[in-house]
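Peer 1: Have a look at the structure that comes next, please.
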Amino acid sequence: MEPRLDYFGNPLAGKVLRHINSASKLVADSALPATVQELVKIRASQINGCGFCTDMHTKDAALAGETAQRLHLVAAWREAKVFTEAERAALELAEQGTRIADAAGGVTDEAWANAAKHFDEDQLVALMSLLAVINAYNRINVINQQPAGDYQPGQFG
């Protein structure tokens, strides 16, 4: 597979990505646990079929110490015993927030209340913002057919 165009080399795309990357950096520096951030990015990327982001975030998570077992089970987190209740709440919110078009009514009150039991207001803002950002990245990569597999941790700074 080849990308439709050199998005990462395009000057306008560079300007767009600077803004998205700024938002991403704010979330990364928030009080939302880094483990939760990576799990959410992986799950949203899986749902959206974004191989590029799935490749990136599984590699970044592994480098940060995430276990292979947990990474392999992200797609089946409901049946897995390896995730905390807070991680499970974040993954549920990630799924519902990513599948807005598929879920009549969007994110359920139950999913929101469960997340709110585990995360404070700033962490919830970070989680919502993270979902918006990763879904934006996923859409850019899927539309462009950005190939997966070559990402090297740290290659984007």
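Chains: A, B, ... in order of the structure tokens. Residues: from 1 per chain. Ligands: from 1, in order shown.
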Need to verify the contact set: Pro33 in chain A, 12 Å, only C-alpha atoms, exclusion of same-chain residues closer than 5 positions in sequence. Can you return it as a PyMOL selection string?
Peer 2: chain A and resi 27-28+38-40+86-87+90+118-120+122-124+126-127+130
Peer 1: Which of chain A end up as helix (DSSP H, G or I) when DSSP is run on this backbone - answer as a ChimeraX atom specification?
Peer 2: /A:7-9,11-28,34-48,51-63,68-79,85-98,109-118,121-144
Peer 1: Go ahead and write the selection's residues with C-alpha atoms as a JSON list (two decimals), in the first residue's frame.
Peer 2:
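Final file, result-v9.json:
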```
[["chain", "number", "residue", "atom", "x", "y", "z"],
["A", 7, "TYR", "CA", 0.72, 14.30, 3.65],
["A", 8, "PHE", "CA", 3.62, 14.59, 6.09],
["A", 9, "GLY", "CA", 5.66, 16.50, 3.51],
["A", 11, "PRO", "CA", 3.31, 22.50, 3.78],
["A", 12, "LEU", "CA", -0.42, 22.98, 4.49],
["A", 13, "ALA", "CA", -0.61, 19.60, 6.23],
["A", 14, "GLY", "CA", 2.39, 20.65, 8.32],
["A", 15, "LYS", "CA", 0.44, 23.69, 9.54],
["A", 16, "VAL", "CA", -2.62, 21.58, 10.33],
["A", 17, "LEU", "CA", -0.53, 18.97, 12.15],
["A", 18, "ARG", "CA", 1.20, 21.64, 14.26],
["A", 19, "HIS", "CA", -2.18, 22.56, 15.73],
["A", 20, "ILE", "CA", -3.29, 18.97, 16.25],
["A", 21, "ASN", "CA", 0.12, 18.15, 17.76],
["A", 22, "SER", "CA", -0.19, 21.11, 20.14],
["A", 23, "ALA", "CA", -3.49, 19.75, 21.42],
["A", 24, "SER", "CA", -1.97, 16.29, 21.68],
["A", 25, "LYS", "CA", 0.93, 17.66, 23.76],
["A", 26, "LEU", "CA", -1.47, 19.35, 26.19],
["A", 27, "VAL", "CA", -3.28, 16.06, 26.71],
["A", 28, "ALA", "CA", -0.02, 14.10, 27.03],
["A", 34, "ALA", "CA", -0.10, 7.76, 30.38],
["A", 35, "THR", "CA", -1.14, 4.11, 30.36],
["A", 36, "VAL", "CA", -4.79, 5.09, 29.92],
["A", 37, "GLN", "CA", -3.82, 7.51, 27.16],
["A", 38, "GLU", "CA", -2.02, 4.80, 25.16],
["A", 39, "LEU", "CA", -4.79, 2.22, 25.65],
["A", 40, "VAL", "CA", -7.40, 4.72, 24.45],
["A", 41, "LYS", "CA", -5.32, 5.71, 21.41],
["A", 42, "ILE", "CA", -4.83, 2.06, 20.50],
["A", 43, "ARG", "CA", -8.51, 1.15, 20.88],
["A", 44, "ALA", "CA", -9.80, 4.13, 18.89],
["A", 45, "SER", "CA", -7.23, 3.41, 16.17],
["A", 46, "GLN", "CA", -8.32, -0.25, 16.02],
["A", 47, "ILE", "CA", -11.97, 0.75, 15.69],
["A", 48, "ASN", "CA", -11.17, 3.25, 12.94],
["A", 51, "GLY", "CA", -3.00, 0.74, 10.94],
["A", 52, "PHE", "CA", -0.51, 3.62, 11.08],
["A", 53, "CYS", "CA", -1.72, 4.82, 14.50],
["A", 54, "THR", "CA", -2.21, 1.28, 15.82],
["A", 55, "ASP", "CA", 1.38, 0.50, 14.88],
["A", 56, "MET", "CA", 2.65, 3.74, 16.43],
["A", 57, "HIS", "CA", 0.81, 3.52, 19.72],
["A", 58, "THR", "CA", 1.41, -0.17, 20.36],
["A", 59, "LYS", "CA", 5.13, 0.38, 19.80],
["A", 60, "ASP", "CA", 5.17, 3.50, 21.99],
["A", 61, "ALA", "CA", 3.24, 1.67, 24.72],
["A", 62, "ALA", "CA", 5.60, -1.31, 24.60],
["A", 63, "LEU", "CA", 8.61, 1.00, 24.84],
["A", 68, "ALA", "CA", 2.56, -7.75, 25.24],
["A", 69, "GLN", "CA", -0.37, -9.55, 26.88],
["A", 70, "ARG", "CA", -2.26, -6.32, 27.56],
["A", 71, "LEU", "CA", -1.48, -4.94, 24.11],
["A", 72, "HIS", "CA", -2.79, -8.11, 22.48],
["A", 73, "LEU", "CA", -5.98, -7.91, 24.53],
["A", 74, "VAL", "CA", -6.95, -4.27, 23.93],
["A", 75, "ALA", "CA", -9.36, -5.24, 21.15],
["A", 76, "ALA", "CA", -11.04, -7.75, 23.49],
["A", 77, "TRP", "CA", -10.80, -5.72, 26.70],
["A", 78, "ARG", "CA", -14.30, -6.66, 27.91],
["A", 79, "GLU", "CA", -13.29, -10.33, 28.18],
["A", 85, "GLU", "CA", -11.68, -0.68, 36.39],
["A", 86, "ALA", "CA", -10.47, 2.82, 35.47],
["A", 87, "GLU", "CA", -8.89, 1.54, 32.25],
["A", 88, "ARG", "CA", -12.08, -0.34, 31.41],
["A", 89, "ALA", "CA", -14.15, 2.81, 31.96],
["A", 90, "ALA", "CA", -11.81, 4.78, 29.68],
["A", 91, "LEU", "CA", -11.91, 2.07, 27.01],
["A", 92, "GLU", "CA", -15.73, 2.05, 27.10],
["A", 93, "LEU", "CA", -15.81, 5.83, 26.74],
["A", 94, "ALA", "CA", -13.27, 5.55, 23.92],
["A", 95, "GLU", "CA", -15.41, 3.05, 22.06],
["A", 96, "GLN", "CA", -18.62, 5.00, 22.43],
["A", 97, "GLY", "CA", -16.91, 8.31, 21.67],
["A", 98, "THR", "CA", -15.29, 6.88, 18.55],
["A", 109, "ASP", "CA", -24.98, 8.39, 30.64],
["A", 110, "GLU", "CA", -23.88, 5.07, 32.14],
["A", 111, "ALA", "CA", -20.52, 5.13, 30.35],
["A", 112, "TRP", "CA", -19.99, 8.76, 31.35],
["A", 113, "ALA", "CA", -20.90, 8.12, 35.00],
["A", 114, "ASN", "CA", -18.57, 5.13, 35.14],
["A", 115, "ALA", "CA", -15.69, 7.20, 33.76],
["A", 116, "ALA", "CA", -16.51, 10.01, 36.20],
["A", 117, "LYS", "CA", -16.11, 7.54, 39.10],
["A", 118, "HIS", "CA", -12.48, 7.02, 38.13],
["A", 121, "GLU", "CA", -12.92, 16.78, 35.81],
["A", 122, "ASP", "CA", -9.53, 17.70, 34.33],
["A", 123, "GLN", "CA", -8.84, 14.06, 33.52],
["A", 124, "LEU", "CA", -12.25, 13.75, 31.86],
["A", 125, "VAL", "CA", -11.50, 16.86, 29.78],
["A", 126, "ALA", "CA", -8.17, 15.29, 28.82],
["A", 127, "LEU", "CA", -9.87, 11.99, 27.94],
["A", 128, "MET", "CA", -12.50, 13.72, 25.77],
["A", 129, "SER", "CA", -9.81, 15.82, 24.09],
["A", 130, "LEU", "CA", -7.61, 12.77, 23.54],
["A", 131, "LEU", "CA", -10.49, 11.02, 21.78],
["A", 132, "ALA", "CA", -11.04, 14.05, 19.53],
["A", 133, "VAL", "CA", -7.33, 14.23, 18.67],
["A", 134, "ILE", "CA", -6.76, 10.52, 18.00],
["A", 135, "ASN", "CA", -9.90, 10.34, 15.90],
["A", 136, "ALA", "CA", -8.60, 13.29, 13.83],
["A", 137, "TYR", "CA", -5.23, 11.59, 13.32],
["A", 138, "ASN", "CA", -6.99, 8.32, 12.41],
["A", 139, "ARG", "CA", -9.15, 9.99, 9.82],
["A", 140, "ILE", "CA", -6.20, 11.72, 8.16],
["A", 141, "ASN", "CA", -4.26, 8.46, 7.95],
["A", 142, "VAL", "CA", -7.20, 6.30, 6.81],
["A", 143, "ILE", "CA", -8.29, 8.78, 4.12],
["A", 144, "ASN", "CA", -4.69, 9.02, 2.88]]
```
Peer 1: Compare A:Gly105, A:Ser30, A:Cys50, A:Asn10 by their minimum atom-to-atom distance to Gln146 in chain A, counting only C-alpha atoms, and give me the closest one.
Peer 2: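 For Gln146 in chain A, the nearest of the candidates is A:Cys50.
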Peer 1: Which residue out of A:Gly49, A:Ala104, A:Met1, A:Ala64 has the minimum interatomic distance to Gly154 in chain A when only C-alpha atoms are used?
Peer 2: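 That would be A:Ala64, the residue with the smallest distance to Gly154 in chain A.
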Peer 1: Give me, please, the distance in Å between CA of Glu66 in chain A and CA of Leu32 in chain A, quoted to one decimal.
Peer 2: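 Here the two named atoms are 16.2 Å from each other.
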Peer 1: Mind pulling up the distance from CA of Leu5 in chain A to CA of Asp150 in chain A?
Peer 2: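 Interatomic distance here is 16.8 Å.
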Peer 1: Between CA of Ala148 in chain A and CA of Arg99 in chain A, what is the distance, to one decimal in Å?
Peer 2: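 Value for the CA of Ala148 in chain A-CA of Arg99 in chain A distance: 22.3 Å.
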